[in-house]
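Data block for query_31.pdb (PDB, C-alpha atoms):
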ATOM      1  CA  MET Z 692     -21.833   7.863  -7.696
ATOM      2  CA  PRO Z 693     -21.674   5.628  -4.591
ATOM      3  CA  MET Z 694     -20.573   7.118  -1.328
ATOM      4  CA  ILE Z 695     -17.204   5.710  -0.311
ATOM      5  CA  LYS Z 696     -16.169   5.377   3.292
ATOM      6  CA  LYS Z 697     -12.505   4.846   4.112
ATOM      7  CA  THR Z 698     -12.428   4.167   7.822
ATOM      8  CA  CYS Z 699     -10.436   0.967   8.034
ATOM      9  CA  LEU Z 700      -7.011   0.423   9.554
ATOM     10  CA  SER Z 701      -4.694  -1.033   6.941
ATOM     11  CA  TYR Z 702      -1.702  -2.338   8.880
ATOM     12  CA  PHE Z 703       0.004  -5.682   9.470
ATOM     13  CA  VAL Z 704      -1.813  -8.159   7.275
ATOM     14  CA  TYR Z 705      -0.517 -11.479   8.613
ATOM     15  CA  PRO Z 706      -0.905 -14.300   7.860
ATOM     16  CA  LEU Z 707      -4.136 -14.124   5.817
ATOM     17  CA  LEU Z 708      -5.541 -11.361   3.641
ATOM     18  CA  VAL Z 709      -9.006 -12.827   3.490
ATOM     19  CA  TRP Z 710     -10.638 -11.598   6.710
ATOM     20  CA  ILE Z 711      -9.227  -8.185   7.430
ATOM     21  CA  PHE Z 712     -11.305  -6.085   5.080
ATOM     22  CA  VAL Z 713     -14.633  -6.381   6.852
ATOM     23  CA  PHE Z 714     -13.549  -4.397   9.895
ATOM     24  CA  GLY Z 715     -14.763  -0.823   9.606
ATOM     25  CA  CYS Z 716     -14.682  -0.478   5.797
ATOM     26  CA  ASP Z 717     -17.749   0.092   3.654
ATOM     27  CA  PHE Z 718     -16.877  -1.317   0.210
ATOM     28  CA  SER Z 719     -20.475  -1.442  -1.008
ATOM     29  CA  SER Z 720     -22.545   1.287  -2.611
ATOM     30  CA  GLN Z 721     -24.871   1.339   0.396
ATOM     31  CA  SER Z 722     -24.085   1.202   4.088
ATOM     32  CA  VAL Z 723     -25.197  -1.780   6.182
ATOM     33  CA  SER Z 724     -27.739  -0.894   8.853
ATOM     34  CA  PRO Z 725     -27.402  -3.056  11.980
ATOM     35  CA  LYS Z 726     -30.706  -4.767  12.746
ATOM     36  CA  GLU Z 727     -29.812  -5.218  16.404
ATOM     37  CA  GLY Z 728     -29.934  -1.476  17.067
ATOM     38  CA  PRO Z 729     -27.689   1.570  16.777
ATOM     39  CA  GLU Z 730     -25.467   0.374  19.624
ATOM     40  CA  LYS Z 731     -24.560  -2.833  17.756
ATOM     41  CA  LEU Z 732     -21.917  -3.245  15.067
ATOM     42  CA  VAL Z 733     -22.482  -5.777  12.304
ATOM     43  CA  PHE Z 734     -19.783  -7.243  10.067
ATOM     44  CA  ARG Z 735     -20.166  -9.272   6.917
ATOM     45  CA  ASP Z 736     -17.729 -11.288   4.861
ATOM     46  CA  SER Z 737     -16.556  -9.355   1.798
ATOM     47  CA  SER Z 738     -13.722 -11.652   0.717
ATOM     48  CA  LYS Z 739     -14.868 -13.169  -2.566
ATOM     49  CA  GLY Z 740     -11.978 -13.010  -5.004
ATOM     50  CA  LEU Z 741      -9.267 -12.372  -2.392
ATOM     51  CA  PRO Z 742      -6.491 -14.844  -1.580
ATOM     52  CA  GLY Z 743      -7.207 -17.139   1.359
ATOM     53  CA  SER Z 744      -3.622 -17.834   2.359
ATOM     54  CA  GLY Z 745      -0.169 -16.312   2.366
ATOM     55  CA  LYS Z 746       1.923 -13.956   4.498
ATOM     56  CA  TRP Z 747       0.632 -10.588   3.307
ATOM     57  CA  ARG Z 748       2.568  -7.967   5.232
ATOM     58  CA  GLN Z 749       3.584  -5.322   6.290
ATOM     59  CA  SER Z 750       0.639  -3.149   5.290
ATOM     60  CA  ILE Z 751      -1.946  -2.585   2.570
ATOM     61  CA  ASP Z 752      -3.752   0.442   1.187
ATOM     62  CA  ILE Z 753      -7.383   1.123   0.312
ATOM     63  CA  TYR Z 754      -7.669   3.371  -2.746
ATOM     64  CA  ASP Z 755      -9.825   3.783  -5.864
ATOM     65  CA  VAL Z 756      -7.142   2.773  -8.362
ATOM     66  CA  ASN Z 757      -9.262   2.635 -11.518
ATOM     67  CA  GLY Z 758     -11.519   5.615 -10.743
ATOM     68  CA  ASP Z 759     -14.828   3.744 -10.880
ATOM     69  CA  GLY Z 760     -16.037   5.099  -7.535
ATOM     70  CA  TYR Z 761     -15.392   1.880  -5.596
ATOM     71  CA  LEU Z 762     -12.504   1.282  -3.223
ATOM     72  CA  ASP Z 763      -9.823  -1.161  -4.304
ATOM     73  CA  ILE Z 764      -7.182  -3.043  -2.320
ATOM     74  CA  LEU Z 765      -3.445  -2.625  -2.857
ATOM     75  CA  ALA Z 766      -0.902  -5.021  -1.352
ATOM     76  CA  PRO Z 767       2.859  -5.428  -1.708
ATOM     77  CA  SER Z 768       4.468  -8.739  -2.528
ATOM     78  CA  PRO Z 769       3.777 -11.449   0.039
ATOM     79  CA  ARG Z 770       6.707 -12.197   2.312
ATOM     80  CA  LEU Z 771       7.095 -15.792   1.136
ATOM     81  CA  PRO Z 772       5.390 -16.048  -2.273
ATOM     82  CA  SER Z 773       4.535 -19.530  -3.511
ATOM     83  CA  ASN Z 774       6.035 -18.637  -6.903
ATOM     84  CA  GLU Z 775       8.074 -15.815  -8.439
ATOM     85  CA  GLU Z 776       5.028 -14.569 -10.368
ATOM     86  CA  ASP Z 777       3.521 -13.416  -7.068
ATOM     87  CA  ARG Z 778       6.632 -11.455  -6.057
ATOM     88  CA  ARG Z 779       5.137  -8.124  -7.127
ATOM     89  CA  PRO Z 780       2.562  -5.547  -6.018
ATOM     90  CA  HIS Z 781      -1.062  -6.675  -6.233
ATOM     91  CA  VAL Z 782      -4.316  -4.781  -6.778
ATOM     92  CA  TRP Z 783      -7.842  -6.134  -6.395
ATOM     93  CA  TYR Z 784     -10.648  -4.062  -7.891
ATOM     94  CA  GLY Z 785     -13.779  -3.758  -5.783
ATOM     95  CA  ASP Z 786     -17.168  -4.171  -7.470
ATOM     96  CA  GLY Z 787     -19.204  -2.296  -4.842
ATOM     97  CA  LYS Z 788     -20.960  -5.517  -3.801
ATOM     98  CA  GLY Z 789     -18.268  -7.111  -1.661
ATOM     99  CA  GLY Z 790     -16.539  -8.921  -4.552
ATOM    100  CA  TRP Z 791     -12.996  -8.499  -5.865
ATOM    101  CA  SER Z 792     -11.093  -9.195  -9.064
ATOM    102  CA  GLU Z 793      -7.315  -9.073  -9.353
ATOM    103  CA  ALA Z 794      -5.915  -6.511 -11.760
ATOM    104  CA  ARG Z 795      -3.475  -7.507 -14.479
ATOM    105  CA  LEU Z 796      -0.509  -5.254 -13.806
ATOM    106  CA  ARG Z 797       2.688  -4.811 -15.795
ATOM    107  CA  PHE Z 798       5.966  -3.608 -14.306
ATOM    108  CA  PRO Z 799       9.345  -2.648 -15.783
ATOM    109  CA  GLN Z 800      11.488  -5.609 -16.742
ATOM    110  CA  GLY Z 801      14.012  -6.480 -14.063
ATOM    111  CA  SER Z 802      12.049  -4.838 -11.236
ATOM    112  CA  ARG Z 803      12.724  -6.214  -7.762
ATOM    113  CA  PHE Z 804       9.928  -6.453  -5.186
ATOM    114  CA  PHE Z 805       9.635  -7.643  -1.605
ATOM    115  CA  TYR Z 806       7.177  -7.407   1.253
ATOM    116  CA  GLY Z 807       6.601  -4.119   3.060
ATOM    117  CA  GLY Z 808       4.209  -1.205   2.647
ATOM    118  CA  ILE Z 809       2.340   0.269  -0.305
ATOM    119  CA  CYS Z 810       0.172   3.284  -1.059
ATOM    120  CA  GLY Z 811      -1.617   4.636  -4.095
ATOM    121  CA  GLY Z 812      -2.046   8.216  -5.271
ATOM    122  CA  ASP Z 813      -1.676  10.567  -8.207
ATOM    123  CA  PHE Z 814       1.833  11.589  -7.199
ATOM    124  CA  ASP Z 815       2.744  13.320 -10.480
ATOM    125  CA  GLY Z 816      -0.556  15.162 -10.964
ATOM    126  CA  ASP Z 817      -1.531  13.619 -14.321
ATOM    127  CA  GLY Z 818      -4.842  12.191 -13.081
ATOM    128  CA  ILE Z 819      -3.648   8.564 -13.115
ATOM    129  CA  THR Z 820      -2.952   6.398 -10.066
ATOM    130  CA  ASP Z 821       0.706   5.814  -9.227
ATOM    131  CA  LEU Z 822       2.213   3.531  -6.582
ATOM    132  CA  ALA Z 823       4.765   4.065  -3.821
ATOM    133  CA  LEU Z 824       6.431   1.115  -2.102
ATOM    134  CA  ALA Z 825       8.531   0.795   1.050
ATOM    135  CA  MET Z 826      10.001  -2.701   0.797
ATOM    136  CA  HIS Z 827      12.106  -4.465   3.406
ATOM    137  CA  THR Z 828      15.829  -3.788   2.739
ATOM    138  CA  MET Z 829      15.022  -2.137  -0.614
ATOM    139  CA  GLY Z 830      14.447   1.531   0.181
ATOM    140  CA  LEU Z 831      11.595   3.526  -1.343
ATOM    141  CA  LYS Z 832      10.349   2.878  -4.880
ATOM    142  CA  GLY Z 833       7.887   4.793  -7.040
ATOM    143  CA  LEU Z 834       5.891   3.450  -9.989
ATOM    144  CA  ARG Z 835       4.128   5.769 -12.458
ATOM    145  CA  GLY Z 836       0.850   4.388 -13.822
ATOM    146  CA  ASN Z 837      -0.361   4.709 -17.410
ATOM    147  CA  GLY Z 838      -4.044   4.082 -16.610
ATOM    148  CA  LYS Z 839      -4.032   0.746 -18.475
ATOM    149  CA  GLY Z 840      -2.424  -1.508 -15.879
ATOM    150  CA  GLY Z 841       1.134  -0.622 -16.843
ATOM    151  CA  TYR Z 842       3.715   1.012 -14.600
ATOM    152  CA  GLU Z 843       7.129   2.538 -15.215
ATOM    153  CA  ALA Z 844       9.991   3.527 -12.911
ATOM    154  CA  PHE Z 845       9.294   6.713 -10.974
ATOM    155  CA  SER Z 846      11.924   6.818  -8.229
ATOM    156  CA  ASP Z 847      14.131   9.795  -9.093
ATOM    157  CA  GLY Z 848      14.793  11.653  -5.866
ATOM    158  CA  LEU Z 849      13.658   8.889  -3.499
ATOM    159  CA  PRO Z 850      16.191   7.590  -0.928
ATOM    160  CA  SER Z 851      17.995   4.414  -1.994
ATOM    161  CA  GLU Z 852      18.373   1.246   0.038
ATOM    162  CA  GLU Z 853      21.962   2.221   0.837
ATOM    163  CA  VAL Z 854      20.809   5.079   3.052
ATOM    164  CA  PHE Z 855      17.250   4.156   4.064
ATOM    165  CA  THR Z 856      15.182   1.009   4.546
ATOM    166  CA  SER Z 857      11.507   0.953   5.431
ATOM    167  CA  ARG Z 858       8.369  -1.171   5.523
ATOM    168  CA  ALA Z 859       5.965   1.697   6.199
ATOM    169  CA  VAL Z 860       4.708   4.340   3.771
ATOM    170  CA  VAL Z 861       1.565   6.500   3.533
ATOM    171  CA  ALA Z 862       0.270   9.089   1.080
ATOM    172  CA  ALA Z 863      -0.759  12.578   2.234
ATOM    173  CA  ASP Z 864      -0.767  16.075   0.757
ATOM    174  CA  VAL Z 865       1.896  17.406   3.105
ATOM    175  CA  ASN Z 866       2.381  20.829   1.501
ATOM    176  CA  ASN Z 867      -1.269  21.419   0.521
ATOM    177  CA  ASP Z 868      -0.573  21.839  -3.195
ATOM    178  CA  GLY Z 869      -3.301  19.402  -4.247
ATOM    179  CA  THR Z 870      -0.855  16.603  -5.152
ATOM    180  CA  PRO Z 871      -0.354  13.727  -2.686
ATOM    181  CA  ASP Z 872       3.092  13.219  -1.213
ATOM    182  CA  VAL Z 873       4.749  10.282   0.554
ATOM    183  CA  VAL Z 874       5.823   9.868   4.177
ATOM    184  CA  SER Z 875       7.959   6.908   5.269
ATOM    185  CA  VAL Z 876       9.762   5.871   8.442
ATOM    186  CA  SER Z 877      12.813   3.701   9.131
ATOM    187  CA  GLU Z 878      12.349   0.007   9.803
ATOM    188  CA  LEU Z 879      12.258  -1.096  13.416
ATOM    189  CA  PHE Z 880      15.348  -3.258  12.923
ATOM    190  CA  PRO Z 881      17.253  -1.963   9.883
ATOM    191  CA  LYS Z 882      20.228  -3.952   8.666
ATOM    192  CA  GLY Z 883      23.196  -3.277   6.446
ATOM    193  CA  PRO Z 884      24.493   0.172   5.466
ATOM    194  CA  ALA Z 885      21.254   1.912   6.431
ATOM    195  CA  LEU Z 886      21.811   0.964  10.066
ATOM    196  CA  SER Z 887      24.578   3.530  10.513
ATOM    197  CA  SER Z 888      22.323   6.385   9.387
ATOM    198  CA  GLY Z 889      20.123   6.026  12.461
ATOM    199  CA  GLY Z 890      16.360   6.363  12.497
ATOM    200  CA  ARG Z 891      14.789   8.612   9.891
ATOM    201  CA  LEU Z 892      11.455   9.955   8.797
ATOM    202  CA  TYR Z 893      11.337  10.886   5.109
ATOM    203  CA  VAL Z 894       8.839  13.312   3.594
ATOM    204  CA  CYS Z 895       8.898  13.162  -0.203
ATOM    205  CA  LEU Z 896       6.968  15.703  -2.254
ATOM    206  CA  GLY Z 897       5.665  14.339  -5.541
ATOM    207  CA  SER Z 898       5.743  16.099  -8.914
ATOM    208  CA  LYS Z 899       5.760  15.256 -12.611
ATOM    209  CA  GLY Z 900       9.553  15.507 -12.683
ATOM    210  CA  GLY Z 901      10.187  13.246  -9.702
ATOM    211  CA  TRP Z 902      10.467  13.560  -5.940
ATOM    212  CA  LYS Z 903      11.930  16.119  -3.571
ATOM    213  CA  CYS Z 904      12.688  14.497  -0.222
ATOM    214  CA  GLN Z 905      13.639  15.782   3.202
ATOM    215  CA  ALA Z 906      14.866  13.552   6.032
ATOM    216  CA  PHE Z 907      14.218  14.087   9.717
ATOM    217  CA  GLY Z 908      16.634  11.999  11.765
ATOM    218  CA  HIS Z 909      16.645  10.613  15.268
ATOM    219  CA  GLU Z 910      17.756   7.268  16.661
ATOM    220  CA  ALA Z 911      14.292   6.690  18.126
ATOM    221  CA  VAL Z 912      12.567   7.102  14.743
ATOM    222  CA  ARG Z 913      12.325   3.443  13.817
ATOM    223  CA  ARG Z 914       8.933   1.883  13.472
ATOM    224  CA  ASP Z 915       6.953  -0.458  11.254
ATOM    225  CA  SER Z 916       4.004   1.897  10.829
ATOM    226  CA  VAL Z 917       3.518   5.560  10.057
TER
END
Please render this file's structure as structure tokens.
Amino acid sequence: MPMIKKTCLSYFVYPLLVWIFVFGCDFSSQSVSPKEGPEKLVFRDSSKGLPGSGKWRQSIDIYDVNGDGYLDILAPSPRLPSNEEDRRPHVWYGDGKGGWSEARLRFPQGSRFFYGGICGGDFDGDGITDLALAMHTMGLKGLRGNGKGGYEAFSDGLPSEEVFTSRAVVAADVNNDGTPDVVSVSELFPKGPALSSGGRLYVCLGSKGGWKCQAFGHEAVRRDSV
């Protein structure tokens, strides 16, 4: 089993996705040893198979989606997709050699997606990767994976766009029960009904039956990263 290092900062991917993944992330099965000496840091291009254009924001996630021991890349919909087919979450599987292949994902009919933040994790504890999205003006959304590239709605208990908008979400086991949870923060400049609710930080505990969320409010809690 290759050793996986997850030391990269996955925030604000704009305007190109192609170059950001070489900074501090080891996607190969073996680490690169700098020839110039221990005080030098060497980077190499690991972009084969990734898109070379587009406004990929607000943040991405690095997670082993398919459980093969190699880190994969998760990204929300680009901000201005060239076609409606691209207005959806994206996953690129890593091959451990610096190459990537885009996954064929299936989402519930009628799903709406926009740019924002994304994170992967087994939020319902069934051993299969699920997705959580914080999309601009759309609130928080959960997607339950079936392990075969298909996803179904998994948002029961998450705050709706009427009360909360966000572009920043991360996964963490907040209550130490072994199942990852979701933390999200209000957008820097929320608009619409969510504006009157002030700034909020949401902590949502995942389970097989859905989410249990708690809000922590303060006017100053508005950011585009968490």
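The residues caught by the PyMOL selection byres ((chain Z and resi 739) around 8) in this file are Ser737, Ser738, Gly740, Leu741, Gly789, Gly790 and Trp791 of chain Z.
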Using all atoms listed in the file and a cutoff of 6 Å, can you tell me which residues are near (2.2, 5.4, -7.2) in the file's coordinates, and write them out as a PDB file with C-alpha atoms, keeping the file's coordinate frame?
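File result_38.pdb, as written:
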ATOM      1  CA  GLY Z 811      -1.617   4.636  -4.095  1.00  0.00           C
ATOM      2  CA  GLY Z 812      -2.046   8.216  -5.271  1.00  0.00           C
ATOM      3  CA  THR Z 820      -2.952   6.398 -10.066  1.00  0.00           C
ATOM      4  CA  ASP Z 821       0.706   5.814  -9.227  1.00  0.00           C
ATOM      5  CA  LEU Z 822       2.213   3.531  -6.582  1.00  0.00           C
ATOM      6  CA  ALA Z 823       4.765   4.065  -3.821  1.00  0.00           C
ATOM      7  CA  GLY Z 833       7.887   4.793  -7.040  1.00  0.00           C
ATOM      8  CA  LEU Z 834       5.891   3.450  -9.989  1.00  0.00           C
ATOM      9  CA  ARG Z 835       4.128   5.769 -12.458  1.00  0.00           C
TER      10      ARG Z 835
END
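For the atom pair formed by CA of Gly848 (chain Z) and CA of Lys903 (chain Z), the distance is 5.8 Å, given to one decimal.
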For this session: Can you turn the PyMOL selection byres ((chain Z and resi 800) around 12) into a concrete residue list for this file, as an NGL selection string?
Result: :Z and (779 or 797-799 or 801-804 or 841-844)
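Of the residues under consideration (Z:Gly818, Z:Gly890, Z:Gly745, Z:Pro780), Z:Gly890 shows the shortest atom-to-atom contact distance to Phe907 (chain Z) when counting all atoms listed in the file.
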For this session: Starting from the shown file, work through the PyMOL selection byres ((chain Z and resi 831) around 8) and note down what comes out as number ranges by chain.
Result: Z: 823-826, 829-830, 832-833, 846, 849-852, 855-857
If the box runs along x, y and z of the file and leaves 6 Å on each side of region 826-835 of chain Z, what are its centre and edge lengths in Å, one decimal, as JSON?
{"center_x": 10.0, "center_y": 0.7, "center_z": -4.5, "size_x": 23.7, "size_y": 22.2, "size_z": 27.9}
For this session: Could you check how far CA of Gly816 (chain Z) sits from CA of Gly840 (chain Z), in Å to one decimal?
Result: 17.5 Å
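CA of Gly785 (chain Z) is found 20.2 Å from CA of Val733 (chain Z).
Nearest-residue note for His827 (chain Z): choosing from Z:Asn867, Z:Asn774, Z:Asn757, Z:Ser750, the minimum distance belongs to Z:Ser750, counting only C-alpha atoms.
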For this session: List the residues sitting within 9 Å of (-1.8, 15.1, -0.8) in the file's frame, using only C-alpha atoms, as number ranges by chain.
Result: Z: 812-814, 862-873, 896-897
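Those residues that approach region 762-765 of chain Z to within 7 Å, counting only C-alpha atoms, are Phe718, Ile751, Asp752, Ile753, Tyr754, Asp755, Val756, His781, Val782, Trp783, Tyr784, Gly785 and Ile809 of chain Z; same-chain residues fewer than 6 positions away are not listed.
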For this session: Counting only C-alpha atoms, figure out which residue out of Z:Gly900, Z:Gly758, Z:Pro772, Z:Pro742 gets nearest to Lys839 (chain Z).
Result: Z:Gly758
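Of the listed residues Z:Ser875, Z:Arg778, Z:Gly808, Z:Ala766, the one whose atoms come nearest to Glu793 (chain Z) is Z:Ala766, with distances taken using all atoms listed in the file.
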For this session: Extract, using all atoms listed in the file, all DNA, RNA and protein residues at most 9 Å from Arg770 (chain Z), discarding same-chain residues fewer than 3 positions from it, and format them as an MDAnalysis selection string.
Result: chainID Z and resid 745:749 767 778 805:807
